Structure formats: structure tokens, C-alpha cells
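Asks: Mind looking over this structure? Questions follow.
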Amino acid sequence: MPDTKYMDKSAAAPGIHSSSKVSKSAVIEMGLVALSELGADHICKVCIANSGSCCNGCRHLLDGVGCQKRNTSCTAWLCGFHKYLLFEVGQLEEWNEFWNQVPGQDFREDFTPEQIRIEKKLRRQQQTMDHLGEALAADLQELARSHIAIGLILTLREKLDKNIDLLMNGDNDPKKKVRIKRKIKVLTSDFQRFHYLLAKYHEQQADETAPNH
Ligand code: SF4
Ligand code: SF4
């Protein structure tokens, strides 16, 4: 969860090899790398600049330095923007399944054992994708600039969070799901740069999975 998350991301990209038992720090690293590969850190920068830091008031936050106590809980937690990013690239479910394997998550701290058994790993992206997060950040920046309403970005973040949770965890009524999807579409209609690149990404994915590819 962190405004400070992005500070570490550029340095966080070691190769993680398949193994069912991993250290807590490796698990945290996997999460940071996955978000970094989607460009989530760019979104944090805009969010923080608009007073949206999710680390506000945390005793582990050292001014100008960052988080002093990285934990599994804050890494696993997704704000509405990051949740939306993962949702659109089809990786939100995988993210949730991965973190469901990690015990001991608490608010701004963890009681996670130093060694954890992991069945499912987070994927490493086969292609560069951080431009998606970067585009979303640019759209948010534009939104903040063009709207006078204070807190618009934060309200949007909360609405996205709520609706994506409803879609993922709510009941299975197809009509309700269509309504929620429509709402998410309306909420994100200003994300023009993001949607443009997202469409390209999906086209590329479709080409790669086409039978004659
Ligand atoms: S709320 Fe989300 S975008 Fe904002 S700083 Fe926290 S993780 Fe980053
Ligand atoms: S422990 Fe505190 S400073 Fe560190 S990521 Fe979590 S909320 Fe932010």
C-alpha cells in the first residue's frame, strides 16, 4: 500500500525461480516486481501529489525516506487504482490467489512466517507493460488538473475499489455484473491514454493466442 512502494520498485527486479518454499522477503519482492512491471509506481506519484498517500499517518513511514517496515500486508493490499489496473489486464484474480496463500497479514504489519509454502506464483510479464500504468497516471494527472473539485481523484479511487470488489466478490447474477461493468466503464471514461494502450495490448494478446500465430 504505499506511497513509498514506488521508491523501491526500480530496484526491485531480481529473478525469482520456481520453488514451493519461499522466504517472506521474496514474496514481498514478487509483489513489488509484479506491480512495477505494470507501471503502478507512476500512479502512486500522481496519487501522492494529490494528497492520496495510503501511508499517511503510518508510524513506519520516515519522511523523505519511505517505508521502514515493508510487510506482506501492505504489499498485497491494492488501492482502487492498482486494483483497476490489474483488473483490466486480467491479472487481479491471480494477484488475489497469490496473496491468499500468504498467512499473517494484518493492518500495516504482518505476522507472516519467514518461510512460506507457495503453490501459485505471480507471473513475470513477457512484454513491457509499464507504459499502461504510466498512461493511467497521465490520465489521472490530467483529470486532477482539469477539475477544480478537491478530492476528485480520491473519490474516484474509492468508487473503483468498491465496484471492482463488488464485481469480483459479489453474487453471480449476470445482470448485476453487467451493471457494475458499465459503471466501471463510466467511472474510467476519462482514461483515454490508458484505454488506447489497453486496447492495443488486448489486440496483441489476441494475435498471440490466435491458432495460426
Ligand atoms: S493509494 Fe494507491 S496509488 Fe495512492 S499511493 Fe497508495 S498505492 Fe499508490
Ligand atoms: S507499513 Fe506503513 S509506511 Fe510501510 S507501506 Fe505500509 S502503510 Fe506504508
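To be explicit about the labels: the chains of the C-alpha cells are called A, B, and onward in the order shown, and within each one the residues are counted from 1, while ligands get numbers from 1 in the order they are shown.
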Please identify all polymer residues within 10 Å of Lys83 (chain A), counting only C-alpha atoms, omitting same-chain residues fewer than 5 positions from it, and present them as an MDAnalysis selection string.
Replies: chainID A and resid 40 77:78 88 91:92 95 157 160:161 164:165
Asks: Could the residues that lie within 7 Å of ligand 1, counting only C-alpha atoms and all ligand atoms, be listed as a list in words?
Replies: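 Listing the residues within 7 Å of ligand 1 gives Met1, Pro2, Asp3, Asp41, Ile43, Cys44, Lys45, Cys47, Ile48, Gly52, Ser53, Cys54, Cys55, Leu78, Cys79, Gly80, Phe81 and His82 of chain A.
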Asks: How would the residues just chosen look if you wrote them out with N, CA and C atoms as a PDB file, in the first residue's frame?
Replies:
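Printed below is result.pdb as written:
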ATOM      1  N   MET A   1       0.831  -1.169   0.000  1.00  0.00           N
ATOM      2  CA  MET A   1       0.000   0.000   0.000  1.00  0.00           C
ATOM      3  C   MET A   1       0.829   1.166   0.000  1.00  0.00           C
ATOM      4  N   PRO A   2       1.412   1.663  -0.660  1.00  0.00           N
ATOM      5  CA  PRO A   2       2.358   2.609  -0.227  1.00  0.00           C
ATOM      6  C   PRO A   2       2.688   3.686  -1.174  1.00  0.00           C
ATOM      7  N   ASP A   3       2.770   4.834  -0.544  1.00  0.00           N
ATOM      8  CA  ASP A   3       3.311   5.870  -1.368  1.00  0.00           C
ATOM      9  C   ASP A   3       4.770   5.566  -1.542  1.00  0.00           C
ATOM     10  N   ASP A  41       3.825   2.229 -10.048  1.00  0.00           N
ATOM     11  CA  ASP A  41       4.525   3.293  -9.317  1.00  0.00           C
ATOM     12  C   ASP A  41       4.227   4.684  -9.887  1.00  0.00           C
ATOM     13  N   ILE A  43       1.414   5.670 -10.963  1.00  0.00           N
ATOM     14  CA  ILE A  43       0.111   6.077 -10.420  1.00  0.00           C
ATOM     15  C   ILE A  43       0.294   6.612  -9.000  1.00  0.00           C
ATOM     16  N   CYS A  44       1.154   5.949  -8.232  1.00  0.00           N
ATOM     17  CA  CYS A  44       1.421   6.412  -6.855  1.00  0.00           C
ATOM     18  C   CYS A  44       1.909   7.859  -6.858  1.00  0.00           C
ATOM     19  N   LYS A  45       2.791   8.163  -7.786  1.00  0.00           N
ATOM     20  CA  LYS A  45       3.350   9.523  -7.797  1.00  0.00           C
ATOM     21  C   LYS A  45       2.248  10.569  -7.957  1.00  0.00           C
ATOM     22  N   CYS A  47      -0.978  10.116  -7.361  1.00  0.00           N
ATOM     23  CA  CYS A  47      -1.884  10.000  -6.208  1.00  0.00           C
ATOM     24  C   CYS A  47      -1.314  10.769  -5.002  1.00  0.00           C
ATOM     25  N   ILE A  48      -0.044  10.573  -4.742  1.00  0.00           N
ATOM     26  CA  ILE A  48       0.600  11.241  -3.598  1.00  0.00           C
ATOM     27  C   ILE A  48       0.594  12.759  -3.792  1.00  0.00           C
ATOM     28  N   GLY A  52      -3.130  11.702  -1.837  1.00  0.00           N
ATOM     29  CA  GLY A  52      -3.792  10.408  -1.697  1.00  0.00           C
ATOM     30  C   GLY A  52      -2.965   9.324  -1.045  1.00  0.00           C
ATOM     31  N   SER A  53      -1.814   9.683  -0.504  1.00  0.00           N
ATOM     32  CA  SER A  53      -0.939   8.638   0.035  1.00  0.00           C
ATOM     33  C   SER A  53      -1.659   7.701   0.999  1.00  0.00           C
ATOM     34  N   CYS A  54      -1.516   6.412   0.740  1.00  0.00           N
ATOM     35  CA  CYS A  54      -2.142   5.427   1.622  1.00  0.00           C
ATOM     36  C   CYS A  54      -1.250   5.136   2.829  1.00  0.00           C
ATOM     37  N   CYS A  55      -0.076   5.744   2.892  1.00  0.00           N
ATOM     38  CA  CYS A  55       0.818   5.546   4.041  1.00  0.00           C
ATOM     39  C   CYS A  55       0.639   6.662   5.076  1.00  0.00           C
ATOM     40  N   LEU A  78      -4.330  -3.642  -2.379  1.00  0.00           N
ATOM     41  CA  LEU A  78      -4.411  -2.835  -3.604  1.00  0.00           C
ATOM     42  C   LEU A  78      -5.411  -1.709  -3.402  1.00  0.00           C
ATOM     43  N   CYS A  79      -5.016  -0.518  -3.773  1.00  0.00           N
ATOM     44  CA  CYS A  79      -5.981   0.594  -3.763  1.00  0.00           C
ATOM     45  C   CYS A  79      -6.839   0.462  -5.024  1.00  0.00           C
ATOM     46  N   GLY A  80      -7.828   1.295  -5.150  1.00  0.00           N
ATOM     47  CA  GLY A  80      -8.735   1.226  -6.300  1.00  0.00           C
ATOM     48  C   GLY A  80      -8.030   1.359  -7.648  1.00  0.00           C
ATOM     49  N   PHE A  81      -7.009   2.199  -7.704  1.00  0.00           N
ATOM     50  CA  PHE A  81      -6.316   2.401  -8.992  1.00  0.00           C
ATOM     51  C   PHE A  81      -5.503   1.167  -9.382  1.00  0.00           C
ATOM     52  N   HIS A  82      -4.774   0.645  -8.432  1.00  0.00           N
ATOM     53  CA  HIS A  82      -3.959  -0.546  -8.734  1.00  0.00           C
ATOM     54  C   HIS A  82      -4.858  -1.749  -9.017  1.00  0.00           C
TER      55      HIS A  82
END
Asks: How close does chain A get to ligand 2? List, as JSON lines, each residue of chain A within 9 Å, its nearest atom pair and the distance in Å to one decimal, counting only C-alpha atoms and all ligand atoms.
Replies:
{"residue": "A:Met1", "atom": "CA", "partner": "ligand 2", "partner_atom_place_in_ligand_line": "5 (S)", "distance": 5.1}
{"residue": "A:Pro2", "atom": "CA", "partner": "ligand 2", "partner_atom_place_in_ligand_line": "5 (S)", "distance": 4.3}
{"residue": "A:Asp3", "atom": "CA", "partner": "ligand 2", "partner_atom_place_in_ligand_line": "8 (Fe)", "distance": 6.4}
{"residue": "A:Thr4", "atom": "CA", "partner": "ligand 2", "partner_atom_place_in_ligand_line": "5 (S)", "distance": 6.3}
{"residue": "A:Lys5", "atom": "CA", "partner": "ligand 2", "partner_atom_place_in_ligand_line": "5 (S)", "distance": 6.4}
{"residue": "A:Ser53", "atom": "CA", "partner": "ligand 2", "partner_atom_place_in_ligand_line": "8 (Fe)", "distance": 8.4}
{"residue": "A:Cys54", "atom": "CA", "partner": "ligand 2", "partner_atom_place_in_ligand_line": "7 (S)", "distance": 6.2}
{"residue": "A:Cys55", "atom": "CA", "partner": "ligand 2", "partner_atom_place_in_ligand_line": "8 (Fe)", "distance": 3.8}
{"residue": "A:Asn56", "atom": "CA", "partner": "ligand 2", "partner_atom_place_in_ligand_line": "7 (S)", "distance": 7.1}
{"residue": "A:Gly57", "atom": "CA", "partner": "ligand 2", "partner_atom_place_in_ligand_line": "2 (Fe)", "distance": 7.9}
{"residue": "A:Cys58", "atom": "CA", "partner": "ligand 2", "partner_atom_place_in_ligand_line": "2 (Fe)", "distance": 4.6}
{"residue": "A:Arg59", "atom": "CA", "partner": "ligand 2", "partner_atom_place_in_ligand_line": "2 (Fe)", "distance": 6.4}
{"residue": "A:His60", "atom": "CA", "partner": "ligand 2", "partner_atom_place_in_ligand_line": "3 (S)", "distance": 4.7}
{"residue": "A:Leu61", "atom": "CA", "partner": "ligand 2", "partner_atom_place_in_ligand_line": "3 (S)", "distance": 4.0}
{"residue": "A:Leu62", "atom": "CA", "partner": "ligand 2", "partner_atom_place_in_ligand_line": "3 (S)", "distance": 7.5}
{"residue": "A:Gly66", "atom": "CA", "partner": "ligand 2", "partner_atom_place_in_ligand_line": "3 (S)", "distance": 6.5}
{"residue": "A:Cys67", "atom": "CA", "partner": "ligand 2", "partner_atom_place_in_ligand_line": "3 (S)", "distance": 4.0}
{"residue": "A:Gln68", "atom": "CA", "partner": "ligand 2", "partner_atom_place_in_ligand_line": "4 (Fe)", "distance": 6.2}
{"residue": "A:Lys69", "atom": "CA", "partner": "ligand 2", "partner_atom_place_in_ligand_line": "1 (S)", "distance": 5.4}
{"residue": "A:Arg70", "atom": "CA", "partner": "ligand 2", "partner_atom_place_in_ligand_line": "4 (Fe)", "distance": 5.3}
{"residue": "A:Asn71", "atom": "CA", "partner": "ligand 2", "partner_atom_place_in_ligand_line": "1 (S)", "distance": 6.5}
{"residue": "A:Thr72", "atom": "CA", "partner": "ligand 2", "partner_atom_place_in_ligand_line": "6 (Fe)", "distance": 8.9}
{"residue": "A:Ser73", "atom": "CA", "partner": "ligand 2", "partner_atom_place_in_ligand_line": "6 (Fe)", "distance": 7.5}
{"residue": "A:Cys74", "atom": "CA", "partner": "ligand 2", "partner_atom_place_in_ligand_line": "6 (Fe)", "distance": 4.7}
{"residue": "A:Thr75", "atom": "CA", "partner": "ligand 2", "partner_atom_place_in_ligand_line": "5 (S)", "distance": 7.0}
{"residue": "A:Phe107", "atom": "CA", "partner": "ligand 2", "partner_atom_place_in_ligand_line": "6 (Fe)", "distance": 8.0}
{"residue": "A:Arg108", "atom": "CA", "partner": "ligand 2", "partner_atom_place_in_ligand_line": "1 (S)", "distance": 4.5}
{"residue": "A:Glu109", "atom": "CA", "partner": "ligand 2", "partner_atom_place_in_ligand_line": "1 (S)", "distance": 6.0}
Asks: Give the alpha helix (DSSP H) residues of region 5-126 of chain A, as DSSP finds them on the backbone, and put them as number ranges by chain.
Replies: A: 5-9, 24-37, 40-49, 72-76, 80-88, 92-100
Asks: Smallest atom-to-atom distance to Gln101 (chain A): which of A:Ala76, A:Ala34, A:Val65, A:Ile180, using only C-alpha atoms?
Replies: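 Among A:Ala76, A:Ala34, A:Val65, A:Ile180, it is A:Ala76 that comes nearest to Gln101 (chain A).
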Asks: I need the strand (DSSP E) residues of region 58-131 of chain A per DSSP on the backbone, written as a PDB file with N, CA and C atoms, in the first residue's frame.
Replies:
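Just written: out.pdb:
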ATOM      1  N   LEU A  61       6.485   5.066   8.428  1.00  0.00           N
ATOM      2  CA  LEU A  61       6.870   5.951   7.318  1.00  0.00           C
ATOM      3  C   LEU A  61       7.857   7.004   7.817  1.00  0.00           C
ATOM      4  N   LEU A  62       9.025   7.016   7.202  1.00  0.00           N
ATOM      5  CA  LEU A  62      10.029   8.011   7.567  1.00  0.00           C
ATOM      6  C   LEU A  62      10.031   9.085   6.491  1.00  0.00           C
ATOM      7  N   GLY A  66      10.883   6.933   3.274  1.00  0.00           N
ATOM      8  CA  GLY A  66       9.944   5.904   2.852  1.00  0.00           C
ATOM      9  C   GLY A  66       9.627   4.911   3.948  1.00  0.00           C
ATOM     10  N   CYS A  67       9.076   3.794   3.523  1.00  0.00           N
ATOM     11  CA  CYS A  67       8.629   2.774   4.468  1.00  0.00           C
ATOM     12  C   CYS A  67       9.820   2.087   5.127  1.00  0.00           C
ATOM     13  N   GLN A 105      -1.286 -11.693   7.471  1.00  0.00           N
ATOM     14  CA  GLN A 105      -1.401 -10.292   7.037  1.00  0.00           C
ATOM     15  C   GLN A 105      -2.283  -9.522   8.012  1.00  0.00           C
ATOM     16  N   ASP A 106      -1.818  -8.333   8.332  1.00  0.00           N
ATOM     17  CA  ASP A 106      -2.565  -7.505   9.280  1.00  0.00           C
ATOM     18  C   ASP A 106      -2.511  -6.052   8.802  1.00  0.00           C
ATOM     19  N   GLU A 109       1.171  -4.183   9.122  1.00  0.00           N
ATOM     20  CA  GLU A 109       2.230  -5.044   9.649  1.00  0.00           C
ATOM     21  C   GLU A 109       1.862  -6.485   9.311  1.00  0.00           C
ATOM     22  N   ASP A 110       2.793  -7.360   9.491  1.00  0.00           N
ATOM     23  CA  ASP A 110       2.436  -8.760   9.262  1.00  0.00           C
ATOM     24  C   ASP A 110       3.014  -9.668  10.340  1.00  0.00           C
ATOM     25  N   GLN A 115       9.457 -18.253   6.276  1.00  0.00           N
ATOM     26  CA  GLN A 115       9.393 -19.165   5.127  1.00  0.00           C
ATOM     27  C   GLN A 115       7.936 -19.537   4.870  1.00  0.00           C
ATOM     28  N   ILE A 116       7.542 -19.491   3.606  1.00  0.00           N
ATOM     29  CA  ILE A 116       6.143 -19.790   3.264  1.00  0.00           C
ATOM     30  C   ILE A 116       6.109 -20.801   2.118  1.00  0.00           C
ATOM     31  N   ARG A 117       5.128 -21.658   2.168  1.00  0.00           N
ATOM     32  CA  ARG A 117       4.953 -22.591   1.055  1.00  0.00           C
ATOM     33  C   ARG A 117       3.980 -21.965   0.046  1.00  0.00           C
TER      34      ARG A 117
END
Asks: Can you tell me which residues surround Leu198 (chain A) at a distance of at most 10 Å, considering only C-alpha atoms, apart from same-chain residues fewer than 6 positions away, and format the answer as a list in words?
Replies: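 Contacts, in chain order: Leu85, Glu88, Val89, Met129, His131, Leu132, Ala135, Leu136, Gln192 and Gln204 of chain A.
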Asks: Record the distance separating CA of His42 (chain A) and CA of Arg182 (chain A), expressed in Å with one decimal.
Replies: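 Going from CA of His42 (chain A) over to CA of Arg182 (chain A), I get 26.0 Å.
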Asks: So what do you get for CA of His195 (chain A) versus CA of Asn172 (chain A), distance-wise?
Replies: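 Separation of CA of His195 (chain A) and CA of Asn172 (chain A): 26.4 Å.
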Asks: Name the residues in contact with Leu187 (chain A) at a cut-off of 10 Å, using only C-alpha atoms, excluding same-chain residues fewer than 2 positions from it; report them as a PDB file with N, CA and C atoms, in the first residue's frame.
Replies:
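And here's around-v1.pdb as it stands now:
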ATOM      1  N   LEU A 156     -12.728   8.970  -6.832  1.00  0.00           N
ATOM      2  CA  LEU A 156     -12.695   8.030  -7.952  1.00  0.00           C
ATOM      3  C   LEU A 156     -12.015   6.724  -7.521  1.00  0.00           C
ATOM      4  N   ARG A 157     -10.930   6.861  -6.801  1.00  0.00           N
ATOM      5  CA  ARG A 157     -10.193   5.681  -6.312  1.00  0.00           C
ATOM      6  C   ARG A 157     -11.089   4.791  -5.454  1.00  0.00           C
ATOM      7  N   LYS A 159     -14.412   4.715  -5.428  1.00  0.00           N
ATOM      8  CA  LYS A 159     -15.524   4.148  -6.220  1.00  0.00           C
ATOM      9  C   LYS A 159     -15.049   2.954  -7.041  1.00  0.00           C
ATOM     10  N   LEU A 160     -13.858   3.089  -7.601  1.00  0.00           N
ATOM     11  CA  LEU A 160     -13.317   1.966  -8.381  1.00  0.00           C
ATOM     12  C   LEU A 160     -13.106   0.762  -7.472  1.00  0.00           C
ATOM     13  N   ASN A 163     -16.497  -0.861  -6.615  1.00  0.00           N
ATOM     14  CA  ASN A 163     -17.161  -1.547  -7.724  1.00  0.00           C
ATOM     15  C   ASN A 163     -16.404  -2.790  -8.193  1.00  0.00           C
ATOM     16  N   LYS A 181     -20.065  -3.568 -14.451  1.00  0.00           N
ATOM     17  CA  LYS A 181     -19.060  -3.346 -15.502  1.00  0.00           C
ATOM     18  C   LYS A 181     -19.313  -2.020 -16.211  1.00  0.00           C
ATOM     19  N   ARG A 182     -20.601  -1.743 -16.435  1.00  0.00           N
ATOM     20  CA  ARG A 182     -20.965  -0.490 -17.092  1.00  0.00           C
ATOM     21  C   ARG A 182     -20.548   0.704 -16.216  1.00  0.00           C
ATOM     22  N   LYS A 183     -20.759   0.540 -14.938  1.00  0.00           N
ATOM     23  CA  LYS A 183     -20.411   1.617 -14.002  1.00  0.00           C
ATOM     24  C   LYS A 183     -18.895   1.865 -14.016  1.00  0.00           C
ATOM     25  N   ILE A 184     -18.148   0.786 -14.026  1.00  0.00           N
ATOM     26  CA  ILE A 184     -16.683   0.928 -14.058  1.00  0.00           C
ATOM     27  C   ILE A 184     -16.260   1.627 -15.353  1.00  0.00           C
ATOM     28  N   LYS A 185     -16.950   1.290 -16.406  1.00  0.00           N
ATOM     29  CA  LYS A 185     -16.642   1.915 -17.702  1.00  0.00           C
ATOM     30  C   LYS A 185     -16.896   3.421 -17.640  1.00  0.00           C
ATOM     31  N   SER A 189     -14.129   6.586 -17.932  1.00  0.00           N
ATOM     32  CA  SER A 189     -14.256   7.085 -19.315  1.00  0.00           C
ATOM     33  C   SER A 189     -13.245   8.184 -19.647  1.00  0.00           C
ATOM     34  N   ASP A 190     -12.673   8.817 -18.627  1.00  0.00           N
ATOM     35  CA  ASP A 190     -11.673   9.860 -18.906  1.00  0.00           C
ATOM     36  C   ASP A 190     -10.260   9.301 -19.094  1.00  0.00           C
ATOM     37  N   PHE A 191     -10.107   8.015 -18.911  1.00  0.00           N
ATOM     38  CA  PHE A 191      -8.757   7.432 -19.018  1.00  0.00           C
ATOM     39  C   PHE A 191      -8.438   7.117 -20.487  1.00  0.00           C
TER      40      PHE A 191
END
Asks: If I take CA of Ala137 (chain A) and CA of Thr155 (chain A), how far is one from the other in Å, to one decimal?
Replies: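 Separation of CA of Ala137 (chain A) and CA of Thr155 (chain A): 15.6 Å.
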Asks: Which residue gives the smallest distance to Leu122 (chain A) among A:Ala144, A:Phe98, A:Ser23, A:Glu134, with only C-alpha atoms counted?
Replies: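 Ranked by minimum distance to Leu122 (chain A), first place goes to A:Phe98.
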Asks: Quick one: residues within 8 Å of Lys121 (chain A), only C-alpha atoms, excluding same-chain residues fewer than 2 positions away - as a ChimeraX atom specification?
Replies: /A:18,98,118-119,123
